[in-house]
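Note: the block below is upload_11.txt and it holds compact mmCIF, C-alpha atoms.
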# COMPACT_ATOMS: atom_id res chain seq x y z
CA MET A 1 0.00 0.00 0.00
CA SER A 2 1.36 3.40 -0.88
CA TRP A 3 1.97 5.94 1.82
CA LEU A 4 2.77 9.59 2.12
CA TYR A 5 4.70 11.34 4.84
CA PHE A 6 4.70 15.04 5.43
CA THR A 7 4.69 17.51 8.32
CA VAL A 8 1.78 19.83 8.99
CA PHE A 9 2.54 23.14 10.69
CA ILE A 10 0.09 25.33 12.43
CA ALA A 11 -2.81 26.97 11.36
CA LEU A 12 -5.53 27.57 8.92
CA PRO A 13 -6.38 31.26 8.40
CA HIS A 14 -9.84 32.13 9.58
CA LEU A 15 -12.15 31.57 6.60
CA PHE A 16 -15.37 33.01 8.00
CA ALA A 17 -15.72 36.78 8.03
CA THR A 18 -17.82 38.42 10.74
CA PRO A 19 -19.61 41.80 10.87
CA SER A 20 -17.34 44.32 12.61
CA ASP A 21 -20.03 45.54 15.03
CA ALA A 22 -21.24 42.12 16.20
CA PRO A 23 -19.95 40.49 19.39
CA LYS A 24 -17.31 37.91 18.59
CA GLY A 25 -16.89 34.46 19.99
CA PRO A 26 -14.17 33.70 22.54
CA ALA A 27 -10.67 32.77 21.47
CA GLN A 28 -9.24 29.38 22.27
CA PRO A 29 -8.32 29.26 25.98
CA GLU A 30 -4.66 29.37 26.88
CA ASP A 31 -4.67 26.10 28.80
CA GLY A 32 -6.86 23.35 30.24
CA PRO A 33 -9.15 21.06 28.24
CA GLY A 34 -9.70 22.58 24.80
CA GLY A 35 -6.78 24.97 25.31
CA ARG A 36 -3.70 25.71 23.24
CA ALA A 37 -0.99 24.78 25.73
CA TYR A 38 0.36 22.28 23.23
CA LEU A 39 3.16 19.80 23.80
CA HIS A 40 4.09 19.47 20.12
CA ASP A 41 4.55 21.95 17.30
CA SER A 42 3.49 19.81 14.37
CA VAL A 43 1.78 16.67 13.12
CA ARG A 44 3.28 13.80 11.15
CA VAL A 45 0.74 12.51 8.63
CA SER A 46 0.94 9.11 6.96
CA ASP A 47 -1.60 8.09 4.30
CA PHE A 48 -2.56 4.41 4.14
CA ALA A 49 -6.08 5.14 2.88
CA ASP A 50 -6.03 3.79 -0.66
CA ASP A 51 -9.00 1.52 0.02
CA PRO A 52 -11.99 1.42 2.40
CA GLN A 53 -10.06 -0.73 4.87
CA GLY A 54 -7.32 1.88 5.02
CA TYR A 55 -6.64 4.76 7.35
CA TRP A 56 -4.73 7.96 7.93
CA LEU A 57 -2.24 8.03 10.78
CA PHE A 58 -1.41 11.22 12.70
CA GLU A 59 1.48 11.32 15.15
CA PRO A 60 2.80 14.14 17.36
CA SER A 61 6.06 15.65 16.20
CA TYR A 62 8.57 18.40 17.10
CA PRO A 63 9.37 17.03 19.54
CA GLN A 64 8.43 13.43 18.78
CA PRO A 65 7.55 11.58 21.99
CA ASP A 66 8.68 8.04 22.67
CA SER A 67 5.07 6.95 23.21
CA ALA A 68 1.55 8.38 23.19
CA PRO A 69 -2.04 7.26 23.85
CA VAL A 70 -4.31 6.53 20.88
CA ILE A 71 -7.60 8.04 19.71
CA ILE A 72 -9.65 6.31 17.00
CA PHE A 73 -11.54 8.99 15.04
CA ASN A 74 -14.54 7.61 13.11
CA HIS A 75 -15.83 10.06 10.50
CA GLY A 76 -19.43 10.68 9.50
CA TYR A 77 -21.07 9.17 6.44
CA GLY A 78 -19.10 10.27 3.38
CA ALA A 79 -16.69 12.47 5.36
CA ILE A 80 -13.74 10.39 4.19
CA ASN A 81 -11.36 13.35 3.93
CA PRO A 82 -9.65 14.11 7.28
CA MET A 83 -9.65 17.78 6.30
CA VAL A 84 -13.30 17.89 7.41
CA TYR A 85 -12.22 17.38 11.04
CA GLY A 86 -8.67 18.65 10.56
CA GLY A 87 -8.74 21.36 13.22
CA TRP A 88 -9.82 18.86 15.86
CA ILE A 89 -7.33 16.23 14.70
CA GLN A 90 -4.49 18.75 14.81
CA HIS A 91 -5.55 19.81 18.31
CA LEU A 92 -5.62 16.22 19.58
CA VAL A 93 -2.25 15.31 18.12
CA ARG A 94 -0.48 18.45 19.30
CA ARG A 95 -1.80 17.67 22.79
CA GLY A 96 0.10 14.38 22.62
CA ASN A 97 -2.23 11.79 21.08
CA ILE A 98 -1.77 9.45 18.15
CA VAL A 99 -4.91 9.67 16.00
CA VAL A 100 -6.00 6.83 13.71
CA PHE A 101 -8.63 7.93 11.18
CA PRO A 102 -10.15 4.83 9.49
CA ARG A 103 -11.54 5.48 6.02
CA TYR A 104 -14.13 2.63 6.15
CA GLN A 105 -15.93 3.79 2.95
CA LYS A 106 -14.84 3.71 -0.67
CA ASN A 107 -17.36 6.38 -1.63
CA MET A 108 -20.89 7.54 -0.78
CA ILE A 109 -22.54 4.31 -1.94
CA SER A 110 -19.98 1.58 -1.30
CA PRO A 111 -19.57 -0.53 0.74
CA LEU A 112 -22.85 -1.30 2.48
CA PRO A 113 -23.05 -0.14 6.12
CA ARG A 114 -22.97 -3.72 7.38
CA LYS A 115 -19.28 -3.75 6.37
CA PHE A 116 -18.33 -0.55 8.17
CA ALA A 117 -17.38 -2.20 11.47
CA LEU A 118 -15.15 -4.75 9.75
CA ASN A 119 -13.43 -2.04 7.73
CA ILE A 120 -12.81 0.10 10.81
CA THR A 121 -11.36 -2.80 12.77
CA ARG A 122 -9.14 -3.90 9.88
CA ALA A 123 -7.80 -0.35 9.76
CA ILE A 124 -7.11 -0.48 13.49
CA HIS A 125 -5.29 -3.80 13.15
CA ALA A 126 -3.23 -2.42 10.27
CA ALA A 127 -2.36 0.68 12.32
CA ARG A 128 -1.26 -1.52 15.20
CA VAL A 129 1.22 -3.25 12.89
CA GLU A 130 2.45 0.00 11.34
CA LEU A 131 3.03 1.60 14.73
CA LEU A 132 5.51 -1.18 15.54
CA GLN A 133 7.79 0.01 12.75
CA PRO A 134 11.03 1.87 13.59
CA GLY A 135 10.63 5.61 13.85
CA ARG A 136 6.99 5.50 14.88
CA VAL A 137 5.62 6.84 18.15
CA ARG A 138 4.97 3.83 20.36
CA PRO A 139 1.20 3.51 20.93
CA GLN A 140 -0.39 3.19 24.35
CA TRP A 141 -3.39 1.07 23.40
CA ASP A 142 -4.42 0.62 27.03
CA LYS A 143 -5.31 4.36 27.02
CA MET A 144 -7.30 4.31 23.80
CA LEU A 145 -10.40 6.45 23.31
CA MET A 146 -12.84 6.44 20.42
CA VAL A 147 -14.69 9.43 18.99
CA GLY A 148 -17.23 9.31 16.21
CA HIS A 149 -19.51 11.66 14.33
CA SER A 150 -22.86 10.69 12.79
CA TYR A 151 -22.49 7.18 11.33
CA GLY A 152 -19.03 7.12 12.87
CA GLY A 153 -20.70 7.72 16.24
CA ALA A 154 -23.01 4.77 15.64
CA MET A 155 -20.01 2.61 14.77
CA SER A 156 -18.11 3.78 17.85
CA ALA A 157 -21.00 2.71 20.08
CA TYR A 158 -21.24 -0.61 18.21
CA LEU A 159 -17.52 -1.33 18.62
CA ALA A 160 -17.58 -0.37 22.29
CA ALA A 161 -20.11 -3.17 22.75
CA ARG A 162 -18.37 -5.61 20.37
CA TYR A 163 -14.65 -4.82 20.75
CA ASP A 164 -13.87 -8.36 21.90
CA ARG A 165 -15.56 -9.91 18.87
CA TYR A 166 -13.32 -7.87 16.55
CA GLN A 167 -10.24 -8.32 18.75
CA ILE A 168 -9.46 -4.63 19.06
CA PRO A 169 -8.34 -2.87 22.24
CA LYS A 170 -11.14 -1.95 24.62
CA PRO A 171 -11.62 1.82 24.64
CA LEU A 172 -11.59 3.63 27.95
CA GLY A 173 -14.36 5.87 26.66
CA ILE A 174 -16.38 6.84 23.62
CA MET A 175 -17.54 10.31 22.59
CA LEU A 176 -20.50 10.24 20.21
CA CYS A 177 -21.16 13.45 18.26
CA ALA A 178 -24.67 13.48 16.73
CA PRO A 179 -24.60 9.69 16.33
CA GLY A 180 -27.08 8.26 13.87
CA THR A 181 -27.67 6.17 10.79
CA GLY A 182 -30.60 7.96 9.17
CA PRO A 183 -32.77 5.49 7.24
CA LEU A 184 -29.97 2.90 7.16
CA ARG A 185 -29.82 0.17 9.77
CA GLY A 186 -26.37 -1.37 9.42
CA GLY A 187 -24.37 -1.23 12.64
CA ARG A 188 -27.32 -0.68 14.97
CA LEU A 189 -27.80 -2.87 18.02
CA ASP A 190 -31.05 -3.76 19.74
CA ASP A 191 -29.52 -2.36 22.90
CA TYR A 192 -26.14 -1.20 24.20
CA SER A 193 -26.09 -2.94 27.55
CA ASP A 194 -22.98 -4.83 26.42
CA ILE A 195 -20.91 -1.64 26.67
CA PRO A 196 -18.90 -2.49 29.81
CA GLU A 197 -19.22 -0.54 33.02
CA ASP A 198 -15.65 0.74 32.77
CA ILE A 199 -16.20 2.48 29.39
CA GLY A 200 -17.27 6.10 29.73
CA VAL A 201 -19.96 7.33 27.33
CA LEU A 202 -20.41 10.98 26.35
CA LEU A 203 -23.11 11.74 23.76
CA ILE A 204 -23.70 15.17 22.16
CA ASN A 205 -27.16 15.88 20.74
CA ASN A 206 -27.71 18.92 18.50
CA ALA A 207 -31.07 20.66 18.95
CA ARG A 208 -31.51 21.36 15.22
CA ASP A 209 -30.25 18.08 13.86
CA HIS A 210 -32.57 17.39 10.92
CA VAL A 211 -30.29 14.74 9.40
CA VAL A 212 -30.47 11.86 11.89
CA GLY A 213 -32.74 13.22 14.64
CA ASP A 214 -32.45 11.99 18.19
CA GLU A 215 -34.39 8.69 18.37
CA PHE A 216 -31.27 6.57 17.97
CA GLN A 217 -29.33 8.80 20.35
CA TYR A 218 -31.89 8.24 23.10
CA HIS A 219 -31.76 4.54 22.32
CA ILE A 220 -28.02 4.39 22.95
CA PHE A 221 -28.23 6.56 26.04
CA SER A 222 -31.13 4.69 27.63
CA THR A 223 -29.83 1.17 26.98
CA ALA A 224 -26.10 1.56 27.78
CA THR A 225 -27.12 0.83 31.34
CA ALA A 226 -23.94 -0.92 32.45
CA SER A 227 -21.91 2.28 32.20
CA PRO A 228 -22.40 4.53 35.25
CA ARG A 229 -20.32 7.27 33.59
CA ARG A 230 -22.57 8.26 30.73
CA ASN A 231 -23.77 11.73 29.91
CA MET A 232 -26.01 13.01 27.12
CA LEU A 233 -25.76 16.73 26.45
CA ARG A 234 -27.96 18.88 24.22
CA GLN A 235 -26.29 21.68 22.29
CA LEU A 236 -28.49 24.71 21.59
CA PRO A 237 -28.11 27.41 18.92
CA ASP A 238 -26.97 30.92 19.77
CA GLU A 239 -27.42 33.66 17.16
CA TYR A 240 -26.44 36.59 19.38
CA GLY A 241 -22.91 37.07 18.02
CA ALA A 242 -21.14 36.53 14.73
CA PRO A 243 -20.43 34.09 13.38
CA ASN A 244 -23.42 32.62 15.16
CA ILE A 245 -23.40 29.18 16.70
CA GLY A 246 -25.63 26.66 14.99
CA ALA A 247 -27.01 23.43 16.38
CA GLY A 248 -27.17 21.29 13.27
CA HIS A 249 -25.86 17.86 12.49
CA ASN A 250 -22.33 18.84 11.46
CA GLU A 251 -21.28 21.20 14.24
CA CYS A 252 -18.18 19.15 15.05
CA TYR A 253 -16.70 19.81 11.59
CA SER A 254 -13.48 21.85 11.93
CA LEU A 255 -12.13 22.48 8.44
CA ASN A 256 -8.35 22.54 8.06
CA LEU A 257 -6.98 22.55 4.52
CA ASP A 258 -3.58 21.34 5.71
CA PHE A 259 -5.15 17.90 6.12
CA ASP A 260 -6.79 17.78 2.68
CA SER A 261 -6.44 14.34 1.08
CA GLY A 262 -7.92 15.56 -2.20
CA LEU A 263 -11.05 13.40 -1.91
CA ARG A 264 -14.27 15.17 -2.88
CA ASN A 265 -17.94 14.24 -2.61
CA PRO A 266 -21.09 16.13 -1.50
CA THR A 267 -20.32 15.60 2.19
CA VAL A 268 -16.77 16.86 1.89
CA LEU A 269 -17.86 19.86 -0.19
CA ARG A 270 -20.45 20.75 2.46
CA SER A 271 -17.67 21.08 5.01
CA PHE A 272 -16.34 24.13 3.19
CA ARG A 273 -19.60 25.91 4.11
CA VAL A 274 -20.13 24.71 7.66
CA GLY A 275 -16.72 23.71 8.99
CA GLN A 276 -15.90 26.81 11.01
CA ILE A 277 -13.86 26.57 14.21
CA ASP A 278 -15.48 28.49 17.05
CA ALA A 279 -16.46 28.44 20.72
CA LEU A 280 -18.40 25.24 20.21
CA ASP A 281 -15.13 23.53 19.33
CA TYR A 282 -12.86 25.09 21.97
CA TYR A 283 -15.40 24.94 24.82
CA GLY A 284 -17.51 22.06 23.53
CA TYR A 285 -16.20 19.17 21.49
CA TRP A 286 -12.48 19.71 22.00
CA LYS A 287 -12.84 20.51 25.69
CA LEU A 288 -15.05 17.52 26.39
CA LEU A 289 -12.87 14.96 24.64
CA ASP A 290 -9.72 16.37 26.25
CA ALA A 291 -11.38 16.20 29.66
CA MET A 292 -12.66 12.68 29.04
CA ALA A 293 -9.12 11.63 28.14
CA ASP A 294 -7.74 13.22 31.30
CA CYS A 295 -10.45 11.71 33.47
CA LEU A 296 -10.31 8.15 32.18
CA ARG A 297 -6.54 8.02 31.78
CA SER A 298 -5.40 9.76 34.93
CA GLY A 299 -8.43 10.73 37.04
CA ASN A 300 -8.11 14.46 36.28
CA ASN A 301 -10.78 16.86 34.96
CA CYS A 302 -13.64 14.44 35.63
CA SER A 303 -15.85 17.38 36.65
CA VAL A 304 -15.33 18.78 33.15
CA ALA A 305 -15.94 15.50 31.36
CA PHE A 306 -18.92 14.20 33.33
CA GLY A 307 -21.39 15.20 36.00
CA HIS A 308 -23.42 18.12 34.59
CA THR A 309 -21.19 20.75 36.22
CA ASP A 310 -20.81 24.35 35.07
CA GLU A 311 -17.28 23.43 33.98
CA GLN A 312 -18.71 20.81 31.67
CA LEU A 313 -21.66 22.76 30.29
CA SER A 314 -20.21 26.24 29.73
CA LEU A 315 -19.36 27.31 26.17
CA GLY A 316 -17.83 30.60 27.28
CA ALA A 317 -19.04 34.12 26.50
CA TRP A 318 -19.34 36.53 23.60
CA SER A 319 -16.87 39.42 23.49
CA ASP A 320 -19.32 41.75 25.28
CA GLY A 321 -19.61 39.32 28.20
CA THR A 322 -22.95 37.75 27.23
CA THR A 323 -23.00 34.07 28.09
CA ILE A 324 -23.19 31.70 25.14
CA GLN A 325 -26.05 29.22 25.40
CA PRO A 326 -24.57 26.44 27.54
CA LEU A 327 -24.95 22.75 26.91
CA LYS A 328 -28.02 21.25 28.56
CA PRO A 329 -27.80 17.93 30.40
CA ILE A 330 -30.30 15.25 29.52
CA ALA A 331 -31.10 12.96 32.39
CA HIS A 332 -30.80 9.26 32.68
CA PRO A 333 -34.35 7.98 32.09
CA ALA A 334 -34.70 6.99 35.73
CA GLN A 335 -33.89 10.55 36.79
CA GLU A 336 -36.21 12.46 34.48
CA ALA A 337 -38.72 13.06 37.25
CA ASN A 338 -36.05 15.07 39.06
CA GLU A 339 -36.52 18.75 38.18
CA ASP A 340 -32.76 19.38 38.23
CA TYR A 341 -32.28 16.92 35.39
CA ALA A 342 -35.56 17.33 33.51
CA LEU A 343 -35.34 17.19 29.73
CA ASP A 344 -36.15 20.37 27.80
CA THR A 345 -38.47 19.10 25.07
CA LYS A 346 -39.19 22.45 23.45

Structure encoded using structure tokens:
Amino acid sequence: MSWLYFTVFIALPHLFATPSDAPKGPAQPEDGPGGRAYLHDSVRVSDFADDPQGYWLFEPSYPQPDSAPVIIFNHGYGAINPMVYGGWIQHLVRRGNIVVFPRYQKNMISPLPRKFALNITRAIHAARVELLQPGRVRPQWDKMLMVGHSYGGAMSAYLAARYDRYQIPKPLGIMLCAPGTGPLRGGRLDDYSDIPEDIGVLLINNARDHVVGDEFQYHIFSTATASPRRNMLRQLPDEYGAPNIGAGHNECYSLNLDFDSGLRNPTVLRSFRVGQIDALDYYGYWKLLDAMADCLRSGNNCSVAFGHTDEQLSLGAWSDGTTIQPLKPIAHPAQEANEDYALDTK
């Protein structure tokens, strides 16, 4: 299989202009979960993604560590170009993670979804072999996390329940961003009670998700009963400042042209319109996954990752001090009678 090595340096210029008189969103925090106190200056990218069982490999560089924990990043349906999530990937790697980005699809129509799990796990197995080669950062598979968006979220939940069947490392936690399969059924389980009690589950629901809706998300959340550390958070829109914060299906996109593989399809092209990096990334997705990693790997920042605390739910403030609409916790079904955890169904 062919491969490509190159080094990615920092930063994509801001592509989204804002009116000069509108309040602006907050900058990336200096430190803490979601912050820019990075350990590494650049990202080493290796391309093994010639086929749907392939993957892209991202390793921290400058300085290159001897070893690093692993994050499996499962893209949404059709989002087979890592550029779509490139800002987030760069953030994770510069914080000291190895990121494996399975391709799992050839294109928008092939293969069938029932083959997605096998393709993802074959990519993981191939990455495990590649990371044994000289010059690679040594992977810490016992600290592995899995994050997935849309169909990739559905597959992350599936593999958390079936990791032993596919003989992949058990993740410490899974973060599911707008998980769903739409009208397709491949990769769904009748319930998720097989997700072990020691796997943390963090699920982000977007209030204006008209692509997959929330039925499947509630299904995962309400049936993953073995895991005591599971949160479901609703993200609300905020149009006060500019650019405004949406609450659609693709809010976790974080376009970065430095990670462009050249692949194009309707999903990838859509990312050019909606892939802005904003407070929802710094104080939402990036913060939450960083905190989950800290919590499950070392016991730190658990109040940020789980527990419905202000630290977890806050998305910061607009430049004039107005609070951005925070995340809203959705209760475990058994707790919904409790007013403090009641679900906002508006």

So how many Å separate atom CA of A:Gly246 and atom CA of A:Tyr192, to one decimal?
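Between these atoms lies a distance of 29.3 Å.
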
List the spatial neighbours of A:Pro171 as an mmCIF file with C-alpha atoms, in the coordinates of the input - criterion: any atom at most 8 Å away, only C-alpha atoms, same-chain residues fewer than 5 positions off excluded.
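Output contents, as saved in around_35.cif:
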data_model
loop_
_atom_site.group_PDB
_atom_site.id
_atom_site.type_symbol
_atom_site.label_atom_id
_atom_site.label_comp_id
_atom_site.auth_asym_id
_atom_site.auth_seq_id
_atom_site.Cartn_x
_atom_site.Cartn_y
_atom_site.Cartn_z
ATOM 1 C CA ASP A 142 -4.420 0.620 27.030
ATOM 2 C CA LYS A 143 -5.310 4.360 27.020
ATOM 3 C CA MET A 144 -7.300 4.310 23.800
ATOM 4 C CA LEU A 145 -10.400 6.450 23.310
ATOM 5 C CA MET A 146 -12.840 6.440 20.420
ATOM 6 C CA ALA A 160 -17.580 -0.370 22.290
ATOM 7 C CA ILE A 199 -16.200 2.480 29.390
#

Contact residues around stretch 281-297 of chain A with all atoms listed in the file at 9 Å, ignoring same-chain residues under 3 positions, as a CSV table (one decimal) with C-alpha atoms, in the frame of the given file:
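selection_1.csv, written as the output of this step:
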chain,number,residue,atom,x,y,z
A,26,PRO,CA,-14.2,33.7,22.5
A,27,ALA,CA,-10.7,32.8,21.5
A,28,GLN,CA,-9.2,29.4,22.3
A,29,PRO,CA,-8.3,29.3,26.0
A,32,GLY,CA,-6.9,23.4,30.2
A,33,PRO,CA,-9.2,21.1,28.2
A,34,GLY,CA,-9.7,22.6,24.8
A,35,GLY,CA,-6.8,25.0,25.3
A,88,TRP,CA,-9.8,18.9,15.9
A,91,HIS,CA,-5.6,19.8,18.3
A,92,LEU,CA,-5.6,16.2,19.6
A,95,ARG,CA,-1.8,17.7,22.8
A,143,LYS,CA,-5.3,4.4,27.0
A,144,MET,CA,-7.3,4.3,23.8
A,145,LEU,CA,-10.4,6.4,23.3
A,147,VAL,CA,-14.7,9.4,19.0
A,172,LEU,CA,-11.6,3.6,28.0
A,173,GLY,CA,-14.4,5.9,26.7
A,174,ILE,CA,-16.4,6.8,23.6
A,175,MET,CA,-17.5,10.3,22.6
A,177,CYS,CA,-21.2,13.4,18.3
A,199,ILE,CA,-16.2,2.5,29.4
A,200,GLY,CA,-17.3,6.1,29.7
A,202,LEU,CA,-20.4,11.0,26.4
A,204,ILE,CA,-23.7,15.2,22.2
A,235,GLN,CA,-26.3,21.7,22.3
A,251,GLU,CA,-21.3,21.2,14.2
A,252,CYS,CA,-18.2,19.2,15.0
A,253,TYR,CA,-16.7,19.8,11.6
A,254,SER,CA,-13.5,21.8,11.9
A,276,GLN,CA,-15.9,26.8,11.0
A,277,ILE,CA,-13.9,26.6,14.2
A,278,ASP,CA,-15.5,28.5,17.0
A,300,ASN,CA,-8.1,14.5,36.3
A,301,ASN,CA,-10.8,16.9,35.0
A,302,CYS,CA,-13.6,14.4,35.6
A,303,SER,CA,-15.8,17.4,36.6
A,304,VAL,CA,-15.3,18.8,33.2
A,305,ALA,CA,-15.9,15.5,31.4
A,306,PHE,CA,-18.9,14.2,33.3
A,312,GLN,CA,-18.7,20.8,31.7
A,313,LEU,CA,-21.7,22.8,30.3
A,314,SER,CA,-20.2,26.2,29.7
A,315,LEU,CA,-19.4,27.3,26.2
A,316,GLY,CA,-17.8,30.6,27.3
A,327,LEU,CA,-25.0,22.8,26.9

Hey, can you check how far atom CA of A:Tyr38 sits from atom CA of A:Ser271?
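Those two atoms sit 25.7 Å apart.
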
Counting only C-alpha atoms, which of A:Ala79, A:Val93, A:Leu57, A:Val211 gets nearest to A:Ala127?
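Closest to A:Ala127 of all the choices is A:Leu57.
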
Can you measure atom CA of A:Phe216 to atom CA of A:Gly186 for me? One decimal in Å is fine.
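Value for the atom CA of A:Phe216-atom CA of A:Gly186 distance: 12.7 Å.
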
Could you tell me which of A:Ala317, A:Ile109, A:Ile220, A:Ala126 comes closest to A:Tyr240 if we count all atoms listed in the file?
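For A:Tyr240, the nearest of the candidates is A:Ala317.
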
Residues within 10 Å of A:Leu263, only C-alpha atoms, excluding chain neighbours under 6 positions, as number ranges by chain
A: 79-83, 107, 269

Measuring atom to atom with only C-alpha atoms, identify which of A:Phe48, A:Trp56, A:Tyr163, A:Trp141 is nearest to A:Asn74.
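Answer, going by the shortest atom-to-atom distance: A:Trp56.
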
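Remark: for A:Gly96, the closest of the candidate residues A:Ser42, A:Asn250, A:Ser110, A:Asn119 is A:Ser42 (distances computed over all atoms listed in the file).
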
Which one of A:Met108, A:Ala37, A:Ile330, A:Ile98 sits closest to A:Arg264 if you count all atoms listed in the file?
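Checking each of A:Met108, A:Ala37, A:Ile330, A:Ile98 against A:Arg264, counting all atoms listed in the file, the winner is A:Met108.
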
Restricting the calculation to all atoms listed in the file: of A:Ile168, A:Ala157, A:Leu132, A:Val100, which residue gets closest to A:Leu118?
A:Ile168

3 Å per side around stretch 21-27 of chain A: axis-aligned box centre and edge lengths, as JSON:
{"center_x": -16.0, "center_y": 39.2, "center_z": 18.8, "size_x": 16.6, "size_y": 18.8, "size_z": 13.5}
